[in-house]
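input-v6.csv (CSV, C-alpha atoms)
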```
chain,number,residue,atom,x,y,z
A,1,MET,CA,-8.8,23.7,7.1
A,2,SER,CA,-5.5,22.4,5.9
A,3,LEU,CA,-6.1,18.7,6.8
A,4,ALA,CA,-8.4,18.0,3.9
A,5,LEU,CA,-8.8,14.3,5.0
A,6,VAL,CA,-8.6,12.5,8.3
A,7,ARG,CA,-8.6,8.9,7.4
A,8,LEU,CA,-8.8,5.5,9.2
A,9,ASP,CA,-7.1,2.9,7.1
A,10,ASP,CA,-5.2,-0.1,8.3
A,11,ARG,CA,-2.9,0.0,5.2
A,12,LEU,CA,-1.8,3.6,6.2
A,13,ILE,CA,0.1,5.0,3.2
A,14,HIS,CA,-0.8,3.2,0.0
A,15,GLY,CA,-2.1,3.8,-3.5
A,16,GLN,CA,-5.6,4.9,-2.7
A,17,VAL,CA,-4.2,7.6,-0.4
A,18,VAL,CA,-1.3,8.9,-2.5
A,19,VAL,CA,-3.0,8.6,-5.9
A,20,GLY,CA,-6.7,8.3,-5.3
A,21,TRP,CA,-7.0,11.1,-2.8
A,22,GLY,CA,-3.6,12.8,-3.0
A,23,GLN,CA,-3.9,13.8,-6.7
A,24,PRO,CA,-7.3,15.5,-6.7
A,25,LEU,CA,-6.7,17.1,-3.4
A,26,ASN,CA,-3.2,18.2,-4.5
A,27,ILE,CA,-1.7,17.4,-1.1
A,28,ALA,CA,1.7,18.6,0.1
A,29,PHE,CA,2.0,16.5,3.2
A,30,ILE,CA,0.8,13.3,4.8
A,31,VAL,CA,0.8,12.8,8.6
A,32,LEU,CA,1.0,9.2,9.6
A,33,VAL,CA,0.0,8.7,13.3
A,34,ASP,CA,1.2,5.3,14.6
A,35,ASP,CA,3.3,4.7,17.7
A,36,GLU,CA,5.1,1.7,16.3
A,37,VAL,CA,6.0,3.3,13.0
A,38,ARG,CA,7.1,6.4,14.8
A,39,ASN,CA,9.8,4.3,16.6
A,40,SER,CA,11.1,2.4,13.5
A,41,ALA,CA,13.3,4.1,11.0
A,42,TRP,CA,13.0,1.0,8.8
A,43,GLU,CA,9.2,1.1,8.7
A,44,GLN,CA,9.3,4.9,8.0
A,45,ASP,CA,11.6,4.2,5.0
A,46,LEU,CA,9.1,1.6,3.8
A,47,TYR,CA,6.2,4.1,3.9
A,48,ARG,CA,8.2,6.9,2.3
A,49,MET,CA,8.8,4.7,-0.8
A,50,GLY,CA,5.2,5.1,-1.8
A,51,VAL,CA,5.2,8.9,-1.7
A,52,PRO,CA,6.5,11.2,-4.4
A,53,PRO,CA,9.4,13.4,-3.2
A,54,ASN,CA,7.3,16.6,-3.5
A,55,ILE,CA,5.0,15.4,-0.7
A,56,GLU,CA,6.3,15.6,2.9
A,57,VAL,CA,5.7,12.7,5.2
A,58,VAL,CA,5.4,13.4,8.9
A,59,PHE,CA,5.6,10.4,11.3
A,60,ALA,CA,4.0,11.1,14.7
A,61,SER,CA,3.2,9.2,17.8
A,62,ILE,CA,-0.3,9.6,19.2
A,63,ALA,CA,1.0,12.0,21.9
A,64,GLU,CA,2.9,14.1,19.3
A,65,ALA,CA,-0.1,14.2,17.1
A,66,GLU,CA,-2.3,15.4,19.9
A,67,ARG,CA,0.1,18.3,20.5
A,68,GLN,CA,0.6,19.2,16.8
A,69,LEU,CA,-3.0,18.8,15.4
A,70,ASP,CA,-3.5,22.5,15.6
A,71,GLN,CA,-0.3,23.3,13.8
A,72,TRP,CA,-1.3,20.9,10.9
A,73,GLU,CA,-4.8,22.4,10.7
A,74,GLN,CA,-3.2,25.9,10.3
A,75,ASP,CA,-0.6,24.8,7.8
A,76,GLY,CA,-1.1,26.7,4.5
A,77,ARG,CA,-0.6,23.6,2.5
A,78,ILE,CA,-3.1,20.7,2.1
A,79,GLY,CA,-2.5,17.5,3.9
A,80,ILE,CA,-4.0,14.1,4.9
A,81,LEU,CA,-3.8,12.6,8.3
A,82,LEU,CA,-3.8,8.8,8.6
A,83,ALA,CA,-4.4,6.4,11.5
A,84,GLY,CA,-4.4,2.7,11.2
A,85,ASP,CA,-6.7,1.7,14.0
A,86,ILE,CA,-9.8,2.9,15.8
A,87,ASP,CA,-8.2,3.5,19.2
A,88,THR,CA,-5.6,5.8,17.6
A,89,MET,CA,-8.3,7.8,15.8
A,90,ALA,CA,-10.4,8.0,19.0
A,91,ALA,CA,-7.5,9.4,20.9
A,92,LEU,CA,-7.0,12.1,18.3
A,93,VAL,CA,-10.7,12.9,18.2
A,94,LYS,CA,-10.6,13.6,21.9
A,95,SER,CA,-8.6,16.8,21.1
A,96,GLY,CA,-11.8,18.2,19.8
A,97,GLN,CA,-10.3,19.5,16.6
A,98,ILE,CA,-11.4,16.6,14.3
A,99,LYS,CA,-14.9,17.0,13.0
A,100,HIS,CA,-14.9,14.5,10.1
A,101,VAL,CA,-13.4,11.0,10.0
A,102,ASN,CA,-13.2,9.1,6.7
A,103,ILE,CA,-13.1,5.3,7.0
A,104,GLY,CA,-11.0,4.1,4.1
A,105,GLY,CA,-10.3,0.5,4.9
A,106,ILE,CA,-10.5,-1.8,7.9
A,107,HIS,CA,-10.1,-5.3,6.5
A,108,HIS,CA,-11.1,-8.8,7.5
A,109,ARG,CA,-9.7,-10.5,10.6
A,110,ALA,CA,-11.0,-13.2,12.8
A,111,GLY,CA,-14.0,-11.9,14.8
A,112,ARG,CA,-14.8,-9.1,12.4
A,113,ILE,CA,-18.0,-8.9,10.5
A,114,GLU,CA,-18.4,-7.3,7.0
A,115,ARG,CA,-20.2,-4.0,7.2
A,116,LEU,CA,-19.1,-2.7,3.7
A,117,ARG,CA,-16.9,-4.3,1.1
A,118,TYR,CA,-13.8,-2.6,2.6
A,119,VAL,CA,-15.0,-2.2,6.2
A,120,TYR,CA,-15.0,-5.2,8.6
A,121,LEU,CA,-15.5,-4.6,12.3
A,122,THR,CA,-16.0,-6.5,15.6
A,123,ASP,CA,-19.0,-5.4,17.6
A,124,ASP,CA,-16.6,-3.6,20.0
A,125,GLU,CA,-15.0,-1.7,17.2
A,126,ALA,CA,-18.4,-0.8,15.8
A,127,ALA,CA,-19.4,0.5,19.2
A,128,LYS,CA,-16.3,2.7,19.3
A,129,LEU,CA,-17.1,4.2,15.9
A,130,ARG,CA,-20.7,4.8,17.0
A,131,GLN,CA,-19.4,6.6,20.0
A,132,LEU,CA,-17.3,8.9,17.9
A,133,ALA,CA,-20.4,9.8,15.8
A,134,SER,CA,-22.5,10.3,18.9
A,135,ASN,CA,-19.9,12.8,20.1
A,136,GLY,CA,-20.6,14.9,17.0
A,137,VAL,CA,-18.0,13.7,14.6
A,138,ASP,CA,-19.1,13.1,11.1
A,139,VAL,CA,-18.1,9.5,10.3
A,140,THR,CA,-18.4,8.3,6.8
A,141,ALA,CA,-16.9,5.4,4.8
A,142,GLN,CA,-15.4,6.2,1.4
A,143,ASP,CA,-12.5,4.3,-0.1
A,144,VAL,CA,-11.8,6.7,-3.0
A,145,PRO,CA,-13.1,10.2,-3.9
A,146,THR,CA,-15.2,8.9,-6.8
A,147,ALA,CA,-17.2,6.6,-4.5
A,148,ARG,CA,-20.1,7.8,-2.4
A,149,ALA,CA,-19.4,8.8,1.2
A,150,VAL,CA,-21.5,6.3,3.2
A,151,PRO,CA,-22.8,7.7,6.5
A,152,ILE,CA,-22.1,5.6,9.5
A,153,ARG,CA,-25.9,5.1,10.1
A,154,GLU,CA,-26.1,3.2,6.8
A,155,PHE,CA,-23.7,0.4,7.8
A,156,LEU,CA,-23.8,0.4,11.6
B,157,MET,CA,21.4,-28.4,-9.5
B,158,SER,CA,19.8,-26.1,-6.9
B,159,GLU,CA,16.1,-25.8,-6.5
B,160,PRO,CA,14.6,-23.5,-9.3
B,161,LEU,CA,13.4,-20.1,-8.2
B,162,VAL,CA,9.7,-19.4,-7.7
B,163,GLY,CA,8.4,-16.0,-8.8
B,164,VAL,CA,5.6,-14.5,-6.7
B,165,VAL,CA,3.7,-11.7,-8.4
B,166,VAL,CA,2.1,-9.3,-5.8
B,167,SER,CA,-0.4,-6.8,-7.1
B,168,HIS,CA,-3.5,-4.7,-6.6
B,169,ALA,CA,-6.8,-6.3,-7.8
B,170,GLU,CA,-6.5,-9.0,-10.5
B,171,LEU,CA,-3.3,-7.8,-12.1
B,172,ALA,CA,-1.1,-10.5,-10.8
B,173,GLN,CA,-3.4,-13.3,-11.9
B,174,ALA,CA,-3.6,-11.7,-15.4
B,175,LEU,CA,0.1,-11.4,-15.7
B,176,VAL,CA,0.7,-15.0,-14.6
B,177,SER,CA,-1.9,-16.2,-17.1
B,178,ALA,CA,-0.3,-14.2,-19.9
B,179,VAL,CA,3.1,-15.6,-19.1
B,180,ARG,CA,1.8,-19.1,-19.2
B,181,VAL,CA,0.1,-18.6,-22.6
B,182,ILE,CA,3.2,-17.0,-24.2
B,183,SER,CA,5.9,-19.2,-22.7
B,184,GLY,CA,4.2,-22.5,-22.0
B,185,VAL,CA,6.1,-22.6,-18.7
B,186,GLU,CA,3.9,-23.9,-15.9
B,187,GLY,CA,4.4,-23.6,-12.1
B,188,ALA,CA,7.1,-20.9,-12.2
B,189,LEU,CA,4.8,-18.1,-11.0
B,190,GLU,CA,2.3,-17.7,-8.2
B,191,PRO,CA,-0.1,-14.7,-8.2
B,192,VAL,CA,-1.1,-12.9,-5.0
B,193,SER,CA,-3.7,-10.1,-4.9
B,194,ASN,CA,-4.0,-7.6,-2.0
B,195,GLU,CA,-7.8,-7.5,-2.5
B,196,GLY,CA,-9.5,-7.4,0.9
B,197,CYS,CA,-6.3,-7.6,2.9
B,198,ASP,CA,-4.8,-5.6,5.7
B,199,PRO,CA,-1.0,-5.7,5.9
B,200,GLU,CA,-1.0,-8.8,8.1
B,201,ALA,CA,-3.4,-10.8,5.9
B,202,LEU,CA,-1.4,-9.8,2.8
B,203,ALA,CA,1.9,-10.9,4.4
B,204,ALA,CA,0.3,-14.3,5.2
B,205,ARG,CA,-0.8,-14.7,1.5
B,206,ILE,CA,2.6,-13.8,0.2
B,207,ASP,CA,4.4,-16.1,2.7
B,208,LYS,CA,2.2,-19.0,1.7
B,209,ALA,CA,3.0,-18.4,-2.0
B,210,LEU,CA,6.7,-18.1,-1.3
B,211,GLY,CA,7.0,-21.5,0.4
B,212,LYS,CA,10.4,-22.5,1.7
B,213,GLY,CA,12.5,-22.3,-1.4
B,214,PRO,CA,14.4,-19.5,-3.1
B,215,ALA,CA,12.2,-16.9,-4.7
B,216,VAL,CA,11.8,-13.5,-6.3
B,217,LEU,CA,8.9,-11.3,-5.4
B,218,PHE,CA,7.6,-9.2,-8.2
B,219,VAL,CA,5.6,-6.2,-6.9
B,220,ASP,CA,3.4,-3.9,-9.0
B,221,LEU,CA,4.3,-0.4,-7.6
B,222,PRO,CA,7.5,0.9,-6.0
B,223,GLY,CA,5.5,1.8,-2.8
B,224,GLY,CA,2.3,1.1,-1.1
B,225,SER,CA,0.7,-1.9,0.6
B,226,CYS,CA,2.0,-4.6,-1.7
B,227,LEU,CA,5.6,-3.4,-1.4
B,228,THR,CA,5.6,-2.9,2.3
B,229,SER,CA,4.3,-6.4,2.9
B,230,ALA,CA,6.8,-7.9,0.5
B,231,LEU,CA,9.8,-6.1,2.0
B,232,ARG,CA,8.8,-7.0,5.6
B,233,LEU,CA,8.7,-10.6,4.5
B,234,SER,CA,12.0,-10.5,2.6
B,235,ARG,CA,13.9,-8.7,5.3
B,236,GLY,CA,16.8,-10.8,6.4
B,237,ARG,CA,16.0,-13.6,4.0
B,238,ALA,CA,18.9,-14.0,1.5
B,239,SER,CA,16.8,-16.5,-0.5
B,240,VAL,CA,14.2,-13.9,-1.4
B,241,ALA,CA,14.8,-10.8,-3.7
B,242,VAL,CA,12.3,-8.1,-4.6
B,243,VAL,CA,11.6,-6.3,-7.9
B,244,THR,CA,9.1,-3.5,-8.3
B,245,GLY,CA,7.2,-2.3,-11.4
B,246,VAL,CA,6.4,-5.8,-12.6
B,247,ASN,CA,5.6,-6.1,-16.2
B,248,LEU,CA,5.1,-8.9,-18.7
B,249,ALA,CA,8.5,-8.6,-20.3
B,250,MET,CA,10.4,-9.1,-17.0
B,251,LEU,CA,8.3,-12.1,-16.0
B,252,LEU,CA,8.9,-13.8,-19.4
B,253,ASP,CA,12.6,-13.3,-18.9
B,254,PHE,CA,12.4,-14.7,-15.4
B,255,VAL,CA,10.7,-18.0,-16.2
B,256,PHE,CA,13.6,-19.0,-18.4
B,257,HIS,CA,16.3,-18.0,-15.8
B,258,ARG,CA,15.1,-19.7,-12.7
B,259,GLU,CA,18.5,-21.4,-12.1
B,260,LEU,CA,20.1,-18.1,-11.1
B,261,SER,CA,20.4,-16.8,-7.6
B,262,PRO,CA,17.4,-14.7,-6.4
B,263,VAL,CA,19.5,-11.5,-6.6
B,264,GLU,CA,20.9,-12.3,-10.1
B,265,ALA,CA,17.4,-13.2,-11.4
B,266,ALA,CA,15.9,-10.1,-9.9
B,267,ARG,CA,18.5,-7.9,-11.5
B,268,ARG,CA,18.2,-9.6,-14.9
B,269,ALA,CA,14.4,-9.4,-14.8
B,270,SER,CA,14.5,-5.8,-13.8
B,271,GLN,CA,16.7,-5.0,-16.8
B,272,ALA,CA,14.4,-6.9,-19.2
B,273,GLY,CA,11.4,-5.1,-17.8
B,274,ALA,CA,13.1,-1.7,-18.2
B,275,ASN,CA,14.2,-2.5,-21.7
B,276,ALA,CA,10.6,-3.2,-22.7
B,277,ILE,CA,9.5,0.3,-21.9
B,278,ARG,CA,9.8,2.4,-25.1
B,279,THR,CA,7.9,5.0,-27.0
B,280,PRO,CA,8.0,3.7,-30.6
B,281,GLY,CA,6.8,6.2,-33.2
B,282,THR,CA,7.4,9.3,-31.2
B,283,PRO,CA,10.0,11.9,-32.2
B,284,ALA,CA,13.3,11.6,-30.3
B,285,ALA,CA,13.6,14.0,-27.3
B,286,PRO,CA,15.7,17.1,-28.1
B,287,ALA,CA,19.3,16.7,-26.9
B,288,ALA,CA,20.1,18.4,-23.6
B,289,PRO,CA,22.1,21.6,-24.1
B,290,ALA,CA,25.9,21.2,-23.5
B,291,ALA,CA,27.0,22.3,-20.1
```

In structure tokens, write the structure found in this file.
Amino acid sequence: MSLALVRLDDRLIHGQVVVGWGQPLNIAFIVLVDDEVRNSAWEQDLYRMGVPPNIEVVFASIAEAERQLDQWEQDGRIGILLAGDIDTMAALVKSGQIKHVNIGGIHHRAGRIERLRYVYLTDDEAAKLRQLASNGVDVTAQDVPTARAVPIREFL
Amino acid sequence: MSEPLVGVVVSHAELAQALVSAVRVISGVEGALEPVSNEGCDPEALAARIDKALGKGPAVLFVDLPGGSCLTSALRLSRGRASVAVVTGVNLAMLLDFVFHRELSPVEAARRASQAGANAIRTPGTPAAPAAPAA
């Protein structure tokens, strides 16, 4: 499988992704799935700034990602796919090709409850993640590779 | 005289707080720098922290890395604001230069601090790199 990590992280491309995961996995591409970023050249330039030139960054809408998931999975290179919110990830999971979801960071906002140091969720968001898991997706929380992957049943 | 610049240091973890403390100890200058950490923040929350530290006056944002969550939030906030300039790769040398040149414009202070920071990066004691072959 060429997508070595499918990650839910509200910061999208940032240090933990590029350095923490990117270095040990030796990634060659990052797919950022976000409808808003897909439509903003300025936002795309911002995210590219954090990525070394040898790593390709692909910006995709949810619809584009659903169509291209198979292509990324068959890519001979190693890549990371990022989504910034649970609804986007849930839409991608519906394709049936995503078997593992890494929760890398969902941070505090009004109405969210702390589940882990770097995972805050409303009850509705928690229910959506539980639904993903009940559909057979392996959902774990792990901010960096050196941390333990915490199964969803341990924090929800 | 125009309002002196404020420097806002934006970093991962406790780096910003440590840099601001070190500048205070070395220079004796108080109130010139505000630390902001991205700890526990999504982009929206980090932008709110930076915005609060910036206040209404002219400022320079000193960001730790030339990419990532700290920079993206800083650039979103500074976009279209002529009174705010951004420098990446913050280090102690550039902040020490900045606190003594707060009368400059944000862009002038940012350029000056950037140069001071770059000048501080050296490899003392190591052999000089071999000269590049002539073309």

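Counting from CA of Val139 (chain A), the distance to CA of Gly196 (chain B) is 21.2 Å.
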
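Distance check against Ala178 (chain B) using only C-alpha atoms: of B:Gly224, B:Pro191, B:Ala241, B:Ser270, the minimum falls on B:Pro191.
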
Show which residues sit within 12 Å of Trp42 (chain A), as a PDB file with C-alpha atoms, in the coordinates of the input. Count only C-alpha atoms, and ignore same-chain residues fewer than 6 positions away.
```
ATOM      1  CA  GLU A  36       5.100   1.700  16.300  1.00  0.00           C
ATOM      2  CA  ARG A  48       8.200   6.900   2.300  1.00  0.00           C
ATOM      3  CA  MET A  49       8.800   4.700  -0.800  1.00  0.00           C
TER       4      MET A  49
ATOM      5  CA  THR B 228       5.600  -2.900   2.300  1.00  0.00           C
ATOM      6  CA  LEU B 231       9.800  -6.100   2.000  1.00  0.00           C
ATOM      7  CA  ARG B 232       8.800  -7.000   5.600  1.00  0.00           C
ATOM      8  CA  ARG B 235      13.900  -8.700   5.300  1.00  0.00           C
TER       9      ARG B 235
END
```

Please tell me which residues are no farther than 7 Å from (6.4, -5.5, -12.8) in the file, counting all atoms listed in the file, and write them as a PyMOL selection string. chain B and resi 218-220+244-248+250

Which polymer residues have any atom within 10 Å of an atom of Ala110 (chain A), counting all atoms listed in the file, with same-chain residues fewer than 6 positions away left out, as a JSON list (two decimals) with C-alpha atoms, in the coordinates of the input?
```
[["chain", "number", "residue", "atom", "x", "y", "z"],
["A", 120, "TYR", "CA", -15.00, -5.20, 8.60],
["A", 121, "LEU", "CA", -15.50, -4.60, 12.30],
["A", 122, "THR", "CA", -16.00, -6.50, 15.60]]
```

Within 10 Å of (-16.2, -4.9, 2.8) in the file's own coordinates, which protein, DNA or RNA residues have an atom, counting all atoms listed in the file? List them as a list in words.
Gly105, Ile106, His107, His108, Ile113, Glu114, Arg115, Leu116, Arg117, Tyr118, Val119, Tyr120 and Leu121 of chain A; Gly196 of chain B
